[in-house]
>>> print(open('upload.cif').read())   # mmCIF, C-alpha atoms (C1' of nucleotides)
data_run
loop_
_atom_site.label_atom_id
_atom_site.label_comp_id
_atom_site.auth_asym_id
_atom_site.auth_seq_id
_atom_site.Cartn_x
_atom_site.Cartn_y
_atom_site.Cartn_z
CA MET A 927 2.34 13.18 11.00
CA CYS A 928 -1.26 13.17 9.97
CA GLU A 929 -3.98 11.82 12.19
CA ASN A 930 -3.53 8.31 10.79
CA ASN A 931 0.09 8.06 11.83
CA HIS A 932 1.55 8.60 8.38
CA ARG A 933 4.14 11.22 7.50
CA GLU A 934 2.90 14.36 5.85
CA GLN A 935 4.09 13.61 2.36
CA PHE A 936 2.44 10.22 2.33
CA CYS A 937 -0.52 11.43 4.20
CA CYS A 938 -3.02 8.62 3.93
CA PRO A 939 -3.62 8.85 0.24
CA PRO A 940 -1.14 8.15 -2.45
CA GLY A 941 2.21 6.86 -1.39
CA ARG A 942 4.96 7.88 -3.71
CA VAL A 943 6.01 5.85 -6.73
CA ARG A 944 9.58 4.72 -6.21
CA GLY A 945 12.45 3.43 -8.25
CA LEU A 946 12.46 6.06 -10.95
CA ARG A 947 15.41 8.11 -9.74
CA HIS A 948 17.89 6.08 -11.77
CA PRO A 949 16.22 6.68 -15.13
CA TRP A 950 15.62 10.37 -14.42
CA LEU A 951 19.30 10.74 -13.60
CA LEU A 952 20.42 8.80 -16.63
CA LEU A 953 18.29 10.90 -18.94
CA ALA A 954 19.40 14.14 -17.31
CA LEU A 955 23.02 13.16 -17.86
CA ALA A 956 22.27 12.03 -21.40
CA GLN A 957 21.54 15.66 -22.13
CA GLY A 958 25.06 16.61 -21.11
CA PRO A 959 27.55 16.25 -18.24
CA ALA A 960 26.58 17.87 -14.96
CA HIS A 961 27.43 17.92 -11.28
CA GLY A 962 25.06 16.78 -8.55
CA TYR A 963 23.82 20.17 -7.51
CA GLU A 964 22.93 21.01 -11.09
CA LEU A 965 21.11 17.72 -11.48
CA LEU A 966 18.96 18.71 -8.53
CA ALA A 967 17.99 21.76 -10.57
CA ARG A 968 17.49 19.88 -13.85
CA LEU A 969 15.20 17.44 -12.04
CA SER A 970 13.60 19.99 -9.76
CA ASP A 971 10.08 18.85 -10.61
CA HIS A 972 10.89 15.44 -9.20
CA GLU A 973 11.83 16.81 -5.76
CA LEU A 974 14.89 14.67 -5.23
CA ASP A 975 16.46 14.29 -1.81
CA PRO A 976 20.02 15.68 -2.02
CA GLY A 977 21.50 13.00 0.20
CA GLY A 978 19.90 10.25 -1.82
CA LEU A 979 20.97 11.88 -5.04
CA TYR A 980 24.67 11.89 -4.19
CA ARG A 981 24.46 8.33 -2.94
CA ALA A 982 22.71 7.24 -6.11
CA LEU A 983 25.37 8.93 -8.24
CA ARG A 984 28.18 7.15 -6.45
CA ALA A 985 26.33 3.84 -6.72
CA MET A 986 25.83 4.37 -10.43
CA GLU A 987 29.49 5.19 -10.84
CA GLU A 988 30.42 1.94 -9.08
CA GLU A 989 28.17 0.10 -11.50
CA GLY A 990 29.99 1.76 -14.37
CA LEU A 991 26.98 3.65 -15.69
CA ILE A 992 28.54 7.07 -15.20
CA ARG A 993 31.96 8.47 -14.49
CA SER A 994 33.11 11.64 -12.78
CA VAL A 995 35.89 14.20 -12.79
CA TRP A 996 36.54 16.94 -10.24
CA ASP A 997 36.07 20.45 -11.53
CA THR A 998 38.00 22.97 -9.43
CA SER A 999 37.74 25.79 -11.93
CA GLY A 1000 35.23 28.49 -11.19
CA SER A 1001 34.47 29.77 -7.71
CA GLY A 1002 32.86 28.04 -4.78
CA PRO A 1003 33.51 24.48 -3.65
CA ALA A 1004 34.83 21.88 -6.09
CA ARG A 1005 32.26 20.12 -8.21
CA ARG A 1006 32.17 16.50 -9.25
CA VAL A 1007 31.07 16.46 -12.85
CA TYR A 1008 29.37 13.28 -14.06
CA SER A 1009 28.87 11.99 -17.57
CA LEU A 1010 27.30 8.87 -19.07
CA THR A 1011 29.44 5.92 -20.05
CA GLU A 1012 28.62 3.59 -22.93
CA LEU A 1013 27.13 1.21 -20.36
CA GLY A 1014 25.05 4.07 -19.04
CA TRP A 1015 23.59 4.64 -22.49
CA GLU A 1016 22.70 0.97 -22.71
CA GLU A 1017 21.03 1.13 -19.32
CA LEU A 1018 19.07 4.19 -20.37
CA ARG A 1019 17.95 2.34 -23.47
CA ALA A 1020 16.87 -0.62 -21.36
CA TRP A 1021 14.88 1.73 -19.14
CA THR A 1022 12.94 3.14 -22.07
CA VAL A 1023 11.68 -0.34 -22.89
CA HIS A 1024 10.62 -0.77 -19.28
CA LEU A 1025 8.99 2.65 -19.11
CA ARG A 1026 7.05 2.21 -22.33
CA ARG A 1027 5.43 -0.81 -20.73
CA LEU A 1028 4.72 1.22 -17.60
CA ARG A 1029 3.16 3.93 -19.74
CA ALA A 1030 0.88 1.35 -21.32
CA GLN A 1031 -0.14 0.06 -17.89
CA LEU A 1032 -0.91 3.58 -16.72
CA GLU A 1033 -2.94 4.16 -19.85
CA ARG A 1034 -5.03 1.09 -19.13
CA PHE A 1035 -5.41 2.14 -15.51
CA LEU A 1036 -6.65 5.61 -16.32
CA GLN A 1037 -8.97 4.43 -19.07
CA THR A 1038 -10.47 1.77 -16.84
CA TYR A 1039 -11.00 4.31 -14.10
CA ALA A 1040 -12.58 6.77 -16.50
CA ARG A 1041 -15.02 4.07 -17.64
CA LEU A 1042 -15.92 3.27 -14.04
CA GLU A 1043 -16.45 6.90 -13.13
CA GLY A 1044 -18.47 7.85 -16.15
CA GLY A 1045 -20.43 4.63 -15.96
CA GLU A 1046 -23.22 3.13 -13.95
CA ASN A 1047 -21.69 3.18 -10.52
CA ASP A 1048 -23.53 6.13 -9.08
CA VAL A 1049 -24.97 3.57 -6.73
CA ARG A 1050 -21.81 1.82 -5.78
CA MET A 1051 -22.08 1.37 -2.02
CA MET B 993 22.45 -13.89 -8.74
CA CYS B 994 23.98 -12.35 -11.81
CA GLU B 995 27.68 -11.67 -12.08
CA ASN B 996 27.24 -8.23 -10.50
CA ASN B 997 25.72 -9.54 -7.29
CA HIS B 998 22.15 -8.55 -8.09
CA ARG B 999 19.23 -10.91 -7.98
CA GLU B 1000 18.02 -12.22 -11.28
CA GLN B 1001 14.95 -10.06 -11.59
CA PHE B 1002 16.86 -6.88 -10.94
CA CYS B 1003 19.81 -8.00 -12.94
CA CYS B 1004 21.98 -4.95 -13.35
CA PRO B 1005 19.76 -2.89 -15.57
CA PRO B 1006 16.41 -1.56 -14.70
CA GLY B 1007 15.36 -1.94 -11.11
CA ARG B 1008 11.66 -2.34 -10.71
CA VAL B 1009 9.31 0.58 -10.23
CA ARG B 1010 7.72 0.33 -6.81
CA GLY B 1011 4.75 1.71 -4.97
CA LEU B 1012 2.09 0.94 -7.54
CA ARG B 1013 0.57 -2.10 -5.88
CA HIS B 1014 -1.91 -0.01 -3.92
CA PRO B 1015 -3.47 1.68 -6.94
CA TRP B 1016 -3.60 -1.57 -8.94
CA LEU B 1017 -5.41 -3.20 -6.04
CA LEU B 1018 -7.80 -0.32 -5.58
CA LEU B 1019 -8.73 -0.32 -9.24
CA ALA B 1020 -9.12 -4.08 -9.31
CA LEU B 1021 -11.51 -3.88 -6.38
CA ALA B 1022 -13.31 -0.94 -7.95
CA GLN B 1023 -14.40 -3.37 -10.64
CA GLY B 1024 -16.09 -5.52 -8.06
CA PRO B 1025 -15.49 -7.30 -4.73
CA ALA B 1026 -12.94 -10.08 -4.80
CA HIS B 1027 -10.80 -12.22 -2.54
CA GLY B 1028 -7.02 -12.14 -2.54
CA TYR B 1029 -6.45 -15.18 -4.68
CA GLU B 1030 -8.72 -13.81 -7.37
CA LEU B 1031 -6.97 -10.44 -7.26
CA LEU B 1032 -3.74 -12.29 -8.05
CA ALA B 1033 -5.46 -13.48 -11.19
CA ARG B 1034 -7.02 -10.12 -12.09
CA LEU B 1035 -3.61 -8.49 -11.76
CA SER B 1036 -1.65 -11.38 -13.24
CA ASP B 1037 0.24 -9.15 -15.66
CA HIS B 1038 1.75 -7.28 -12.71
CA GLU B 1039 3.26 -10.42 -11.21
CA LEU B 1040 2.30 -9.70 -7.62
CA ASP B 1041 3.92 -11.56 -4.76
CA PRO B 1042 1.16 -13.43 -2.88
CA GLY B 1043 2.63 -12.73 0.53
CA GLY B 1044 2.92 -9.04 -0.20
CA LEU B 1045 -0.57 -8.96 -1.62
CA TYR B 1046 -2.23 -10.29 1.52
CA ARG B 1047 -0.17 -7.99 3.69
CA ALA B 1048 -1.13 -5.04 1.54
CA LEU B 1049 -4.80 -5.95 1.76
CA ARG B 1050 -4.72 -6.08 5.53
CA ALA B 1051 -2.84 -2.79 5.67
CA MET B 1052 -5.41 -1.17 3.41
CA GLU B 1053 -8.19 -2.54 5.54
CA GLU B 1054 -6.58 -1.02 8.64
CA GLU B 1055 -6.47 2.29 6.82
CA GLY B 1056 -10.15 1.95 6.09
CA LEU B 1057 -9.77 1.84 2.31
CA ILE B 1058 -11.34 -1.58 1.97
CA ARG B 1059 -13.32 -3.93 4.13
CA SER B 1060 -13.68 -7.68 4.16
CA VAL B 1061 -16.12 -10.43 4.96
CA TRP B 1062 -15.43 -14.15 5.21
CA ASP B 1063 -17.04 -16.24 2.55
CA THR B 1064 -17.42 -19.84 3.69
CA SER B 1065 -19.85 -20.83 0.97
CA GLY B 1066 -18.50 -22.91 -1.88
CA SER B 1067 -15.84 -25.53 -1.49
CA GLY B 1068 -12.21 -25.22 -0.49
CA PRO B 1069 -10.83 -22.97 2.25
CA ALA B 1070 -12.68 -19.89 3.41
CA ARG B 1071 -12.15 -16.76 1.38
CA ARG B 1072 -11.86 -13.23 2.64
CA VAL B 1073 -13.80 -11.10 0.20
CA TYR B 1074 -12.75 -7.47 -0.02
CA SER B 1075 -14.64 -4.47 -1.32
CA LEU B 1076 -13.89 -0.76 -1.57
CA THR B 1077 -15.12 1.65 1.05
CA GLU B 1078 -16.07 5.24 0.34
CA LEU B 1079 -12.61 6.21 1.57
CA GLY B 1080 -11.15 3.70 -0.84
CA TRP B 1081 -12.93 5.36 -3.73
CA GLU B 1082 -11.52 8.70 -2.65
CA GLU B 1083 -8.05 7.22 -2.45
CA LEU B 1084 -8.43 5.72 -5.91
CA ARG B 1085 -9.49 9.11 -7.21
CA ALA B 1086 -6.45 10.72 -5.58
CA TRP B 1087 -4.24 8.14 -7.22
CA THR B 1088 -5.55 8.95 -10.67
CA VAL B 1089 -4.43 12.55 -10.22
CA HIS B 1090 -1.02 11.32 -9.17
CA LEU B 1091 -0.78 8.82 -12.01
CA ARG B 1092 -1.81 11.32 -14.64
CA ARG B 1093 1.17 13.40 -13.60
CA LEU B 1094 3.37 10.33 -13.73
CA ARG B 1095 2.10 9.58 -17.21
CA ALA B 1096 3.02 13.10 -18.28
CA GLN B 1097 6.50 12.68 -16.81
CA LEU B 1098 6.93 9.39 -18.65
CA GLU B 1099 5.76 11.04 -21.84
CA ARG B 1100 8.39 13.75 -21.48
CA PHE B 1101 11.01 11.15 -20.64
CA LEU B 1102 10.33 9.04 -23.71
CA GLN B 1103 10.08 12.02 -26.03
CA THR B 1104 13.31 13.48 -24.75
CA TYR B 1105 15.03 10.15 -25.21
CA ALA B 1106 13.65 9.76 -28.71
CA ARG B 1107 15.01 13.20 -29.61
CA LEU B 1108 18.43 12.30 -28.21
CA GLU B 1109 18.52 9.00 -30.04
CA GLY B 1110 17.35 10.26 -33.38
CA GLY B 1111 19.50 13.36 -33.10
CA GLU B 1112 23.09 14.41 -33.44
CA ASN B 1113 24.65 12.27 -30.75
CA ASP B 1114 26.22 9.63 -32.96
CA VAL B 1115 29.46 11.03 -31.64
CA ARG B 1116 28.64 11.11 -28.00
CA MET B 1117 31.70 9.68 -26.32
"C1'" DA C 1138 36.74 40.06 11.78
"C1'" DT C 1139 32.66 37.45 12.17
"C1'" DC C 1140 28.42 36.44 10.57
"C1'" DA C 1141 24.99 34.88 7.41
"C1'" DT C 1142 24.13 32.90 3.05
"C1'" DC C 1143 24.68 30.37 -1.12
"C1'" DT C 1144 26.88 26.68 -3.50
"C1'" DA C 1145 28.45 21.94 -3.38
"C1'" DG C 1146 29.05 17.42 -1.58
"C1'" DG C 1147 28.37 14.21 1.93
"C1'" DT C 1148 27.02 10.72 6.36
"C1'" DG C 1149 24.18 8.15 9.80
"C1'" DA C 1150 19.97 6.41 11.55
"C1'" DC C 1151 15.76 5.07 10.42
"C1'" DT C 1152 11.36 3.50 7.80
"C1'" DT C 1153 8.99 1.40 4.04
"C1'" DA C 1154 8.26 -1.64 0.03
"C1'" DG C 1155 9.08 -5.62 -1.95
"C1'" DG C 1156 10.94 -10.45 -2.72
"C1'" DC C 1157 11.61 -15.14 -1.32
"C1'" DA C 1158 10.86 -19.10 1.20
"C1'" DT C 1159 7.84 -21.38 3.84
"C1'" DA C 1160 3.68 -22.65 6.85
"C1'" DT C 1161 -1.20 -23.72 7.47
"C1'" DA C 1162 -5.58 -25.46 6.30
"C1'" DA C 1163 -9.86 -26.99 3.65
"C1'" DG C 1164 -11.54 -29.86 0.13
"C1'" DG C 1165 -11.26 -33.27 -3.89
"C1'" DG C 1166 -9.29 -37.27 -6.47
"C1'" DC C 1167 -7.19 -41.68 -6.22
"C1'" DG D 1242 -3.58 -42.35 3.59
"C1'" DC D 1243 -1.27 -39.11 0.10
"C1'" DC D 1244 -1.04 -35.53 -3.29
"C1'" DC D 1245 -2.97 -31.47 -5.72
"C1'" DT D 1246 -5.42 -27.14 -5.89
"C1'" DT D 1247 -7.31 -23.26 -3.62
"C1'" DA D 1248 -6.65 -19.76 -0.18
"C1'" DT D 1249 -4.48 -17.08 3.43
"C1'" DA D 1250 -0.66 -15.95 5.99
"C1'" DT D 1251 4.24 -15.23 8.55
"C1'" DG D 1252 9.39 -14.56 8.91
"C1'" DC D 1253 13.54 -12.91 7.21
"C1'" DC D 1254 16.10 -10.20 4.35
"C1'" DT D 1255 17.57 -6.45 1.00
"C1'" DA D 1256 16.81 -2.21 -1.64
"C1'" DA D 1257 15.17 2.26 -1.83
"C1'" DG D 1258 13.92 6.33 0.18
"C1'" DT D 1259 13.44 9.92 3.96
"C1'" DC D 1260 15.10 12.96 7.50
"C1'" DA D 1261 18.26 15.25 10.06
"C1'" DC D 1262 22.52 16.60 10.18
"C1'" DC D 1263 27.69 17.88 8.88
"C1'" DT D 1264 31.78 19.96 6.18
"C1'" DA D 1265 33.74 23.47 3.46
"C1'" DG D 1266 34.65 27.27 -0.08
"C1'" DA D 1267 33.25 31.83 -1.64
"C1'" DT D 1268 30.81 36.20 -1.15
"C1'" DG D 1269 28.63 40.07 0.82
"C1'" DA D 1270 26.87 42.68 4.93
"C1'" DT D 1271 27.51 44.82 9.56
#
>>> encode(input="upload.cif", output="structure tokens")
Amino acid sequence: MCENNHREQFCCPPGRVRGLRHPWLLLALAQGPAHGYELLARLSDHELDPGGLYRALRAMEEEGLIRSVWDTSGSGPARRVYSLTELGWEELRAWTVHLRRLRAQLERFLQTYARLEGGENDVRM
Amino acid sequence: MCENNHREQFCCPPGRVRGLRHPWLLLALAQGPAHGYELLARLSDHELDPGGLYRALRAMEEEGLIRSVWDTSGSGPARRVYSLTELGWEELRAWTVHLRRLRAQLERFLQTYARLEGGENDVRM
DNA sequence: ATCATCTAGGTGACTTAGGCATATAAGGGC
DNA sequence: GCCCTTATATGCCTAAGTCACCTAGATGAT
């Protein structure tokens, strides 16, 4: 908790942008089948919560976007290996449309901010 | 409801990206003081929910990011006019850092997808 | 042998963000 | 009076995410 009663990771400033775990997962699996623990590694820069990851995978399998097989070869505990279905590829495609729009919005945001900062608002209060 | 039990706007494919209302609002107010109803117009392309907007504004005021005064001049109901505080400007600045990283992630996402699509995965199933 | 550690997958309780419907109220037109 | 627009707001619900745990196989150290 920070002094304003927020959790550390959200501390006052920027809350986290949500709802992008699905597309990250879809793209990661588009690059080849993988089990959950490996996806955590592939997407390490997104700092996924393991619990949430496994839940998301099972939800996506129920939706028919991915499918899984148990891999008991190799050592260590069994691994559930996921791969994209045809529907999953369609969903990924749909996401790219959505994310291109988001990129454009971000572009406008950052350009507008840059104009404000570089501009005449030295006396802004 | 669509046939898969989702609401229309989320229908099956892409769920909506969340958590960006704060930065949109901060930037909109950075361009000049405004009341809630006008912010709805300024941010019309983001299709904000009015209820959520007003709640967000009051939350941001509690956090000290913005402050408001009642404007009873003009006709029609009184309007609560918001403007950014110094803390709000800092928060906006923090968001730009965050959003530049998000833009980079989106860039990588779209490039990776483009490579996959244009590449050798005609036989992918 | 038992202990710690790494890999791998998972659950339960909780909080937060957002969506949807609806309420309230001031003023203007008729 | 009644409806429309402007303007702010609440209640209820679901979806998404976080946090703290739990199980279990394999491997190496003491």
>>> closest_atom_pairs(input="upload.cif", of="chain A", to="chain D", cutoff="7 Å", atoms="only C-alpha atoms (C1' of nucleotides)", output="tab-separated table")
residue	atom	partner	partner_atom	distance
A:Ser1001	CA	D:DA1267	C1'	6.5
A:Gly1002	CA	D:DA1267	C1'	4.9
A:Pro1003	CA	D:DG1266	C1'	4.7
>>> write_last_selection(input="upload.cif", atoms="C-alpha atoms", output="mmCIF file, in the frame of the given file")
data_model
loop_
_atom_site.group_PDB
_atom_site.id
_atom_site.type_symbol
_atom_site.label_atom_id
_atom_site.label_comp_id
_atom_site.auth_asym_id
_atom_site.auth_seq_id
_atom_site.Cartn_x
_atom_site.Cartn_y
_atom_site.Cartn_z
ATOM 1 C CA SER A 1001 34.470 29.770 -7.710
ATOM 2 C CA GLY A 1002 32.860 28.040 -4.780
ATOM 3 C CA PRO A 1003 33.510 24.480 -3.650
#
>>> interface_residues(input="upload.cif", of="chain B", to="chain A", cutoff="6 Å", atoms="all atoms listed in the file", output="ChimeraX atom specification")
/B:1005-1006,1009-1011,1083,1087
>>> interface_residues(input="upload.cif", of="chain A", to="chain C", cutoff="12 Å", atoms="all atoms listed in the file", output="NGL selection string")
:A and (932-933 or 936 or 941-945 or 961-966 or 976-981 or 983-984 or 996-998 or 1000-1007)
>>> atom_distance(input="upload.cif", atom1="CA of Arg1093 (chain B)", atom2="CA of Leu974 (chain A)")
16.1 Å
>>> atom_distance(input="upload.cif", atom1="CA of Glu973 (chain A)", atom2="CA of Ile992 (chain A)")
21.5 Å
>>> atom_distance(input="upload.cif", atom1="CA of Arg993 (chain A)", atom2="CA of Leu955 (chain A)")
10.6 Å
>>> axis_aligned_box(input="upload.cif", around="region 1050-1064 of chain B", padding_each_side="3 Å", output="JSON")
{"center_x": -10.1, "center_y": -8.8, "center_z": 5.3, "size_x": 20.6, "size_y": 28.1, "size_z": 12.7}
